[in-house]
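Comments concern the structure below.
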Amino acid sequence: MIVIIGGGIIGLTMAKLLAKENFQVTIVESHFPELYWQDLTARVSAIHLKSMQLFEYLNIPIPAQSKSPLIKMHIWDYAGSEINFDSNAINKPEMGFIIENRAMIKSLWQSLELEKNVTILCPAQAKKIIIQDNKIQLILNDHKSIEADLIIGADGAHSWVRNQMPVKLIERAYNQKAIITVMQSEKPHHHTAYQKFLTSGPIALLPLDEKNLSALVWSADHSISDTFFLALENIFNQTVSENFDYKLGALQAVAPRQQFELIMRHVDHYVSEKIALIGDAAHTIHPLAGQGVNLGLMDAACLTQVLTDARAQKKIIGDLRVLRKYARWRRADNAVMIFTMKHLKDIFSDHSVMFSYFRGFSVNAIDRCSVMKNYIMKIAMGESRDLPKFLEN
């Protein structure tokens with residue numbers, strides 16, 4: 001028996017993976033997901049090809065109207081340096097997909113409702129963990145008790161499970177907030193993502209299914225973000241259009257704006273006795289490369305491989321020696337991505353003349369080097385990492 005606390009994208013994917021391997025799984029989630037909607041949403045994720053392969057492996061369908069192929073990327077900065085990526089250069093139809101988070105959750109949730117070895121407790125909240133000699137016990141808010149071999153914390157950045165573990169959370173503010181909304185453009189996006197590094201932070205447009213709709217993710221220093229989050233609609237639209245140099249013509253917000261703080265988090269240990277953390281419960285990252293959900297999905301895939309191997313070898317799946325294999329596998333990879341995103345942000349935030357010249361020279365040199373660009377694309381597509389057996393081909 002494995003208990004997963006958290007019913008978001010990562011927790012539900014974890015449950016589906018374990019169910020496929022014939023583990024008994026209980027999901028504890030405090031809120032029912034949104035299963036029907038008519039409004040537009042900017043809560044989307046850039047899902048790379050290995051993550052898409054994972055959904056295909058699990059037979060999780062994503063409706064066409066909730067996803068958009070990502071074929072090209074155009075990235076530039078305020079000084080004029082630019083780099084362009086095209087999936088055709090590596091003989092791929094796309095680099096990944098921009099997918100609505102709620103669509104992934106709906107497909108996973110409905111699929112899990114049909115699994116005979118999965119129990120969903122919702123609404124339910126975990127209140128206490130008791131570690132026993134051979135098992136671990138979870139007490140819920142209704143005083144119900146669940147006995148398990150392992151608890152997996154997939155309960156997000158403010159993880160309750162993490163707070164029950166003897167681990168240290170490393171937390172650093174990016175000193176930025178992100179504004180998200182949906183923008184309608186004069187010109188079609190042609191399945192191209194646009195990202196510009198402004199002096200105050202990166203701003204990006206991610207193509208949605210409709211040819212003139214894109215999700216905006218604008219990361220900026222606090223004062224600028226607060227100003228434009230509250231700005232009049234015409235001022236907001238004009239500023240966003242100018243920030244993108246009118247590459248898609250005039251842009252107009254067609255969904256409510258949302259804003260959230262950007263914080264880097266990384267726990268020093270992903271596991272303790274009979275407990276493991278995955279996804280945002282273990283790490284959060286700057287959204288400028290759109291890798292957050294992909295990292296969490298790879299956590300789930302790797303933990304599944306470790307648990308499946310342990311069971312085949314007649315080992316106790318909640319044993320710390322077993323769980324540390326997962327921690328060693330994933331923490332180093334995630335740390336590299338967190339480090340890279342932090343320093344990318346810092347590099348593009350340095351406005352000194354000398355550094356701007358060096359940055360511009362380097363970016364333009366990479367844009368002219370097809371070998372380097374193709375390597376970067378393969379990393380972004382998830383193809384260069386140490387992967388579980390079922391994702392190797």
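The way I read the labels, and the way they are meant: chains A, B, ... in the order of the structure tokens, residue 1 as the first residue of every chain, and ligand 1 as the first ligand shown, with later ones counted on from there.
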Taking the DSSP assignment computed from this structure's backbone, write out as a PyMOL selection string all residues of range 131-283 of chain A that belong to strand (DSSP E or B).
chain A and resi 131+136-140+145-148+150-153+169-185+192-198+201-207+213-221+247+249+251-253+258-267+271-272+275-277+283
Just the residues within 8 Å of Val293 in chain A, please, counting only C-alpha atoms, with nothing from its chain fewer than 6 positions along; format it as a VMD selection string.
chain A and resid 9 to 10 45 to 47 279
For the residues in that selection, give me C-alpha atoms as an mmCIF file, in the first residue's frame.
```cif
data_model
loop_
_atom_site.group_PDB
_atom_site.id
_atom_site.type_symbol
_atom_site.label_atom_id
_atom_site.label_comp_id
_atom_site.auth_asym_id
_atom_site.auth_seq_id
_atom_site.Cartn_x
_atom_site.Cartn_y
_atom_site.Cartn_z
ATOM 1 C CA ILE A 9 -0.522 16.769 -12.019
ATOM 2 C CA ILE A 10 2.492 15.149 -10.336
ATOM 3 C CA SER A 45 2.814 24.116 -18.726
ATOM 4 C CA ALA A 46 5.455 23.558 -21.379
ATOM 5 C CA ILE A 47 5.579 19.752 -21.544
ATOM 6 C CA GLY A 279 7.525 17.660 -7.629
#
```
So that I can check the surroundings of Val28 in chain A, please list as a PyMOL selection string every protein, DNA and RNA residue that reaches within 8 Å of it, counting only C-alpha atoms and ignoring chain neighbours fewer than 2 positions away.
chain A and resi 3-7+26+30+120-126
Deliver the residues from the most recent selection as a file, using C-alpha atoms, as a short mmCIF file (atom, residue, chain, number, x, y, z; two decimals), in the first residue's frame.
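Contents of again-v4.cif, freshly written:
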```
data_model
loop_
_atom_site.label_atom_id
_atom_site.label_comp_id
_atom_site.auth_asym_id
_atom_site.auth_seq_id
_atom_site.Cartn_x
_atom_site.Cartn_y
_atom_site.Cartn_z
CA VAL A 3 -0.40 6.68 0.01
CA ILE A 4 0.04 9.77 -2.17
CA ILE A 5 -0.81 13.10 -0.56
CA GLY A 6 -1.68 15.62 -3.25
CA GLY A 7 -3.90 15.31 -6.31
CA THR A 26 -4.58 5.67 -2.03
CA SER A 30 -8.35 18.22 -0.13
CA ILE A 120 -9.29 8.42 -4.06
CA LEU A 121 -10.13 10.13 -0.76
CA CYS A 122 -11.46 13.60 -1.59
CA PRO A 123 -12.10 15.91 0.11
CA ALA A 124 -9.70 14.72 2.79
CA GLN A 125 -6.77 16.21 4.67
CA ALA A 126 -3.79 14.57 6.33
#
```
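Here CA of His158 in chain A and CA of Met52 in chain A stand 26.6 Å from one another.
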How would you write, as an NGL selection string, the set of residues in range 127-275 of chain A that DSSP gives as alpha helix (DSSP H)?
:A and (160-163 or 222-229 or 233-243)
Can I get the selection written as an mmCIF file, in the first residue's frame, with N, CA and C atoms?
```cif
data_model
loop_
_atom_site.group_PDB
_atom_site.id
_atom_site.type_symbol
_atom_site.label_atom_id
_atom_site.label_comp_id
_atom_site.auth_asym_id
_atom_site.auth_seq_id
_atom_site.Cartn_x
_atom_site.Cartn_y
_atom_site.Cartn_z
ATOM 1 N N TRP A 160 2.752 19.942 3.289
ATOM 2 C CA TRP A 160 2.529 19.488 4.664
ATOM 3 C C TRP A 160 3.414 18.283 4.959
ATOM 4 N N VAL A 161 3.531 17.383 3.984
ATOM 5 C CA VAL A 161 4.352 16.183 4.185
ATOM 6 C C VAL A 161 5.792 16.568 4.486
ATOM 7 N N ARG A 162 6.329 17.507 3.724
ATOM 8 C CA ARG A 162 7.715 17.950 3.933
ATOM 9 C C ARG A 162 7.920 18.455 5.367
ATOM 10 N N ASN A 163 6.922 19.141 5.897
ATOM 11 C CA ASN A 163 7.034 19.691 7.245
ATOM 12 C C ASN A 163 7.040 18.609 8.327
ATOM 13 N N HIS A 222 9.511 43.343 -8.129
ATOM 14 C CA HIS A 222 8.259 43.559 -7.402
ATOM 15 C C HIS A 222 7.531 44.844 -7.774
ATOM 16 N N SER A 223 8.244 45.951 -7.798
ATOM 17 C CA SER A 223 7.578 47.235 -8.030
ATOM 18 C C SER A 223 6.942 47.292 -9.411
ATOM 19 N N ILE A 224 7.647 46.794 -10.416
ATOM 20 C CA ILE A 224 7.118 46.800 -11.782
ATOM 21 C C ILE A 224 5.947 45.837 -11.908
ATOM 22 N N SER A 225 6.090 44.652 -11.334
ATOM 23 C CA SER A 225 5.013 43.675 -11.401
ATOM 24 C C SER A 225 3.750 44.187 -10.724
ATOM 25 N N ASP A 226 3.899 44.775 -9.547
ATOM 26 C CA ASP A 226 2.734 45.297 -8.823
ATOM 27 C C ASP A 226 2.063 46.418 -9.601
ATOM 28 N N THR A 227 2.871 47.273 -10.220
ATOM 29 C CA THR A 227 2.328 48.394 -10.989
ATOM 30 C C THR A 227 1.473 47.905 -12.143
ATOM 31 N N PHE A 228 1.975 46.957 -12.911
ATOM 32 C CA PHE A 228 1.245 46.531 -14.111
ATOM 33 C C PHE A 228 0.173 45.487 -13.805
ATOM 34 N N PHE A 229 0.273 44.823 -12.660
ATOM 35 C CA PHE A 229 -0.813 43.931 -12.261
ATOM 36 C C PHE A 229 -2.082 44.741 -11.997
ATOM 37 N N GLU A 233 -6.508 48.484 -18.199
ATOM 38 C CA GLU A 233 -6.380 47.481 -19.250
ATOM 39 C C GLU A 233 -5.656 48.017 -20.478
ATOM 40 N N ASN A 234 -5.968 49.241 -20.890
ATOM 41 C CA ASN A 234 -5.331 49.776 -22.092
ATOM 42 C C ASN A 234 -3.832 50.008 -21.883
ATOM 43 N N ILE A 235 -3.454 50.424 -20.667
ATOM 44 C CA ILE A 235 -2.032 50.625 -20.361
ATOM 45 C C ILE A 235 -1.311 49.279 -20.322
ATOM 46 N N PHE A 236 -1.937 48.293 -19.705
ATOM 47 C CA PHE A 236 -1.347 46.954 -19.635
ATOM 48 C C PHE A 236 -1.142 46.393 -21.038
ATOM 49 N N ASN A 237 -2.180 46.461 -21.863
ATOM 50 C CA ASN A 237 -2.089 45.917 -23.225
ATOM 51 C C ASN A 237 -1.006 46.608 -24.048
ATOM 52 N N GLN A 238 -0.951 47.922 -23.965
ATOM 53 C CA GLN A 238 0.040 48.675 -24.730
ATOM 54 C C GLN A 238 1.458 48.336 -24.268
ATOM 55 N N THR A 239 1.655 48.236 -22.950
ATOM 56 C CA THR A 239 2.981 47.935 -22.414
ATOM 57 C C THR A 239 3.447 46.549 -22.840
ATOM 58 N N VAL A 240 2.545 45.572 -22.768
ATOM 59 C CA VAL A 240 2.908 44.206 -23.169
ATOM 60 C C VAL A 240 3.242 44.171 -24.661
ATOM 61 N N SER A 241 2.446 44.843 -25.470
ATOM 62 C CA SER A 241 2.707 44.890 -26.914
ATOM 63 C C SER A 241 4.067 45.505 -27.200
ATOM 64 N N GLU A 242 4.389 46.594 -26.503
ATOM 65 C CA GLU A 242 5.690 47.249 -26.694
ATOM 66 C C GLU A 242 6.829 46.355 -26.227
ATOM 67 N N ASN A 243 6.615 45.638 -25.112
ATOM 68 C CA ASN A 243 7.658 44.752 -24.601
ATOM 69 C C ASN A 243 8.023 43.662 -25.607
#
```
Closest atom pairs, residues of range 13-127 of chain A within 12 Å of range 188-204 of chain A, only C-alpha atoms, as CSV:
```
residue,atom,partner,partner_atom,distance
A:Ala42,CA,A:Ala204,CA,11.7
A:Ala46,CA,A:Ala193,CA,10.1
A:Lys67,CA,A:His191,CA,10.7
A:Ser68,CA,A:His191,CA,7.0
A:Pro69,CA,A:His191,CA,6.2
A:Leu70,CA,A:His191,CA,5.3
A:Ile71,CA,A:His191,CA,5.6
A:Lys72,CA,A:Thr192,CA,4.6
A:Met73,CA,A:Ala193,CA,4.7
A:His74,CA,A:Tyr194,CA,5.0
A:Ile75,CA,A:Gln195,CA,4.8
A:Trp76,CA,A:Lys196,CA,5.0
A:Asp77,CA,A:Phe197,CA,4.5
A:Tyr78,CA,A:Leu198,CA,5.4
A:Ala79,CA,A:Leu198,CA,8.9
A:Gly80,CA,A:Lys196,CA,9.7
A:Ser81,CA,A:Phe197,CA,9.8
A:Glu82,CA,A:Lys196,CA,8.9
A:Ile83,CA,A:Gln195,CA,10.1
A:Asn84,CA,A:Tyr194,CA,9.6
A:Phe85,CA,A:Thr192,CA,9.4
A:Asp86,CA,A:Thr192,CA,9.0
A:Ser87,CA,A:Thr192,CA,10.5
A:Pro93,CA,A:His191,CA,11.2
A:Glu94,CA,A:His191,CA,9.2
A:Met95,CA,A:Thr192,CA,10.5
A:Gly96,CA,A:His191,CA,10.5
A:Phe97,CA,A:His191,CA,9.4
A:Ile98,CA,A:His191,CA,9.4
```
What's around Lys20 in chain A at 12 Å? Count only C-alpha atoms, leave out sequence neighbours fewer than 2 positions away in its own chain, and write the answer as a CSV table (one decimal) with N, CA and C atoms, in the first residue's frame.
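File part.csv, as written:
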```
chain,number,residue,atom,x,y,z
A,13,THR,N,-0.1,11.6,-11.6
A,13,THR,CA,0.8,10.9,-12.5
A,13,THR,C,1.5,9.8,-11.8
A,14,MET,N,1.9,10.1,-10.6
A,14,MET,CA,2.6,9.1,-9.7
A,14,MET,C,1.6,7.9,-9.4
A,15,ALA,N,0.4,8.3,-9.1
A,15,ALA,CA,-0.6,7.2,-8.8
A,15,ALA,C,-0.9,6.3,-10.0
A,16,LYS,N,-0.9,6.9,-11.2
A,16,LYS,CA,-1.2,6.2,-12.4
A,16,LYS,C,0.0,5.3,-12.7
A,17,LEU,N,1.2,5.8,-12.5
A,17,LEU,CA,2.4,4.9,-12.8
A,17,LEU,C,2.4,3.7,-11.8
A,18,LEU,N,2.1,4.0,-10.6
A,18,LEU,CA,2.1,2.9,-9.6
A,18,LEU,C,1.0,1.9,-9.8
A,22,ASN,N,0.9,-2.3,-10.7
A,22,ASN,CA,0.1,-3.1,-9.7
A,22,ASN,C,0.4,-2.9,-8.3
A,23,PHE,N,0.7,-1.7,-7.9
A,23,PHE,CA,0.8,-1.3,-6.5
A,23,PHE,C,-0.6,-0.9,-6.1
A,24,GLN,N,-1.0,-1.1,-4.8
A,24,GLN,CA,-2.2,-0.6,-4.2
A,24,GLN,C,-1.9,0.9,-3.8
A,25,VAL,N,-2.8,1.8,-4.3
A,25,VAL,CA,-2.5,3.2,-4.1
A,25,VAL,C,-3.8,3.9,-3.5
A,57,TYR,N,2.6,6.5,-22.5
A,57,TYR,CA,2.9,5.2,-21.9
A,57,TYR,C,1.8,4.9,-20.9
A,58,LEU,N,1.2,5.9,-20.3
A,58,LEU,CA,0.1,5.7,-19.3
A,58,LEU,C,-1.3,5.7,-20.0
A,59,ASN,N,-1.3,6.0,-21.3
A,59,ASN,CA,-2.6,6.1,-22.1
A,59,ASN,C,-3.4,7.2,-21.5
A,111,SER,N,-9.1,8.9,-15.5
A,111,SER,CA,-8.5,7.6,-15.7
A,111,SER,C,-8.3,6.9,-14.4
A,112,LEU,N,-7.9,7.6,-13.3
A,112,LEU,CA,-7.7,6.9,-12.1
A,112,LEU,C,-9.0,6.4,-11.4
A,115,GLU,N,-9.4,2.8,-12.2
A,115,GLU,CA,-8.4,1.9,-11.7
A,115,GLU,C,-8.9,1.1,-10.5
A,116,LYS,N,-8.9,-0.2,-10.5
A,116,LYS,CA,-9.4,-1.0,-9.4
A,116,LYS,C,-8.5,-1.0,-8.2
A,117,ASN,N,-7.2,-0.7,-8.4
A,117,ASN,CA,-6.3,-0.7,-7.3
A,117,ASN,C,-5.9,0.7,-6.8
A,118,VAL,N,-6.8,1.7,-7.1
A,118,VAL,CA,-6.6,3.1,-6.7
A,118,VAL,C,-7.8,3.5,-5.9
A,301,ALA,N,8.4,9.3,-12.4
A,301,ALA,CA,8.9,8.2,-13.2
A,301,ALA,C,10.0,7.5,-12.6
A,304,THR,N,9.0,5.6,-9.4
A,304,THR,CA,8.3,4.3,-9.8
A,304,THR,C,9.3,3.2,-10.2
A,305,GLN,N,10.3,3.6,-11.0
A,305,GLN,CA,11.3,2.6,-11.3
A,305,GLN,C,12.0,2.0,-10.1
A,308,THR,N,9.6,-0.3,-8.2
A,308,THR,CA,9.3,-1.5,-8.9
A,308,THR,C,10.5,-2.4,-8.8
A,390,PHE,N,11.4,2.5,-18.9
A,390,PHE,CA,10.2,2.6,-19.8
A,390,PHE,C,10.2,3.9,-20.6
```
Excluding same-chain residues fewer than 3 positions from range 330-340 of chain A, what lies within 10 Å of it counting only C-alpha atoms, as a PyMOL selection string?
chain A and resi 264-270+278+282-286+289+291-292+295-296+298-300+302-303+324-327+343-346+385-387
Selected residues written out with N, CA and C atoms, as a compact mmCIF listing (two decimals), in the first residue's frame:
```txt
# COMPACT_ATOMS: atom_id res chain seq x y z
N MET A 264 12.71 30.20 -5.24
CA MET A 264 13.44 28.96 -5.46
C MET A 264 13.40 28.16 -4.15
N ARG A 265 12.98 26.92 -4.26
CA ARG A 265 12.99 26.02 -3.09
C ARG A 265 13.65 24.71 -3.49
N HIS A 266 14.45 24.18 -2.58
CA HIS A 266 15.04 22.86 -2.80
C HIS A 266 15.32 22.23 -1.45
N VAL A 267 14.73 21.08 -1.21
CA VAL A 267 14.90 20.40 0.06
C VAL A 267 16.23 19.63 0.04
N ASP A 268 16.92 19.59 1.20
CA ASP A 268 18.24 18.95 1.22
C ASP A 268 18.15 17.43 1.11
N HIS A 269 17.06 16.84 1.56
CA HIS A 269 16.87 15.40 1.42
C HIS A 269 15.45 15.13 0.91
N TYR A 270 15.34 14.38 -0.17
CA TYR A 270 14.03 14.08 -0.76
C TYR A 270 13.29 12.99 0.00
N ILE A 278 8.10 14.41 -4.06
CA ILE A 278 8.23 14.58 -5.50
C ILE A 278 7.67 15.94 -5.90
N ALA A 282 9.40 19.00 -3.33
CA ALA A 282 10.86 18.86 -3.21
C ALA A 282 11.62 20.03 -3.80
N HIS A 283 11.04 20.71 -4.81
CA HIS A 283 11.78 21.76 -5.51
C HIS A 283 10.83 22.66 -6.29
N THR A 284 11.13 23.95 -6.30
CA THR A 284 10.45 24.88 -7.21
C THR A 284 11.52 25.67 -7.95
N ILE A 285 11.17 26.15 -9.14
CA ILE A 285 12.17 26.72 -10.05
C ILE A 285 11.57 27.93 -10.76
N HIS A 286 12.43 28.83 -11.22
CA HIS A 286 11.97 29.99 -11.98
C HIS A 286 11.29 29.53 -13.28
N ALA A 289 12.26 28.92 -18.09
CA ALA A 289 12.48 27.84 -19.06
C ALA A 289 11.33 26.84 -19.10
N GLN A 291 10.36 24.47 -17.05
CA GLN A 291 10.74 23.09 -16.77
C GLN A 291 10.14 22.52 -15.50
N GLY A 292 9.40 23.30 -14.73
CA GLY A 292 8.94 22.87 -13.42
C GLY A 292 8.14 21.58 -13.42
N LEU A 295 10.21 18.45 -14.46
CA LEU A 295 11.05 17.92 -13.39
C LEU A 295 10.23 17.03 -12.46
N GLY A 296 9.02 17.48 -12.13
CA GLY A 296 8.17 16.69 -11.26
C GLY A 296 7.73 15.39 -11.89
N MET A 298 9.39 13.68 -14.10
CA MET A 298 10.54 12.78 -14.10
C MET A 298 10.81 12.24 -12.69
N ASP A 299 10.54 13.04 -11.65
CA ASP A 299 10.60 12.52 -10.28
C ASP A 299 9.69 11.31 -10.14
N ALA A 300 8.45 11.45 -10.58
CA ALA A 300 7.46 10.38 -10.45
C ALA A 300 7.91 9.13 -11.22
N CYS A 302 11.00 8.23 -12.08
CA CYS A 302 12.19 7.61 -11.48
C CYS A 302 11.85 6.90 -10.17
N LEU A 303 10.98 7.51 -9.36
CA LEU A 303 10.58 6.86 -8.11
C LEU A 303 9.84 5.56 -8.41
N ARG A 324 16.73 6.18 -0.92
CA ARG A 324 17.90 7.02 -1.23
C ARG A 324 18.37 6.85 -2.66
N LYS A 325 18.07 5.71 -3.26
CA LYS A 325 18.41 5.53 -4.68
C LYS A 325 17.65 6.54 -5.53
N TYR A 326 16.38 6.72 -5.21
CA TYR A 326 15.58 7.74 -5.91
C TYR A 326 16.15 9.13 -5.65
N ALA A 327 16.47 9.42 -4.39
CA ALA A 327 16.98 10.75 -4.04
C ALA A 327 18.28 11.07 -4.77
N HIS A 343 21.20 31.21 -12.67
CA HIS A 343 22.29 31.96 -13.30
C HIS A 343 21.88 32.55 -14.64
N LEU A 344 20.95 31.90 -15.35
CA LEU A 344 20.41 32.52 -16.56
C LEU A 344 19.71 33.82 -16.21
N LYS A 345 18.90 33.78 -15.14
CA LYS A 345 18.22 35.00 -14.70
C LYS A 345 19.24 36.08 -14.34
N ASP A 346 20.29 35.68 -13.60
CA ASP A 346 21.29 36.65 -13.18
C ASP A 346 22.05 37.23 -14.37
N ARG A 385 18.75 13.26 -20.35
CA ARG A 385 18.82 12.92 -18.93
C ARG A 385 18.83 11.42 -18.71
N ASP A 386 19.25 11.03 -17.51
CA ASP A 386 19.23 9.64 -17.08
C ASP A 386 17.77 9.28 -16.79
N LEU A 387 17.20 8.40 -17.59
CA LEU A 387 15.77 8.14 -17.55
C LEU A 387 15.44 6.72 -17.10
```
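The two atoms in question, CA of Glu21 in chain A and CA of Leu138 in chain A, are spaced 22.9 Å apart.
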Contacts of Ile152 in chain A within 6 Å, only C-alpha atoms, excl. fewer than 5 positions in-chain, as a PyMOL selection string
chain A and resi 4+275-277
Please compute the CA of Leu169 in chain A-CA of Ser219 in chain A distance, one decimal, in Å.
23.5 Å
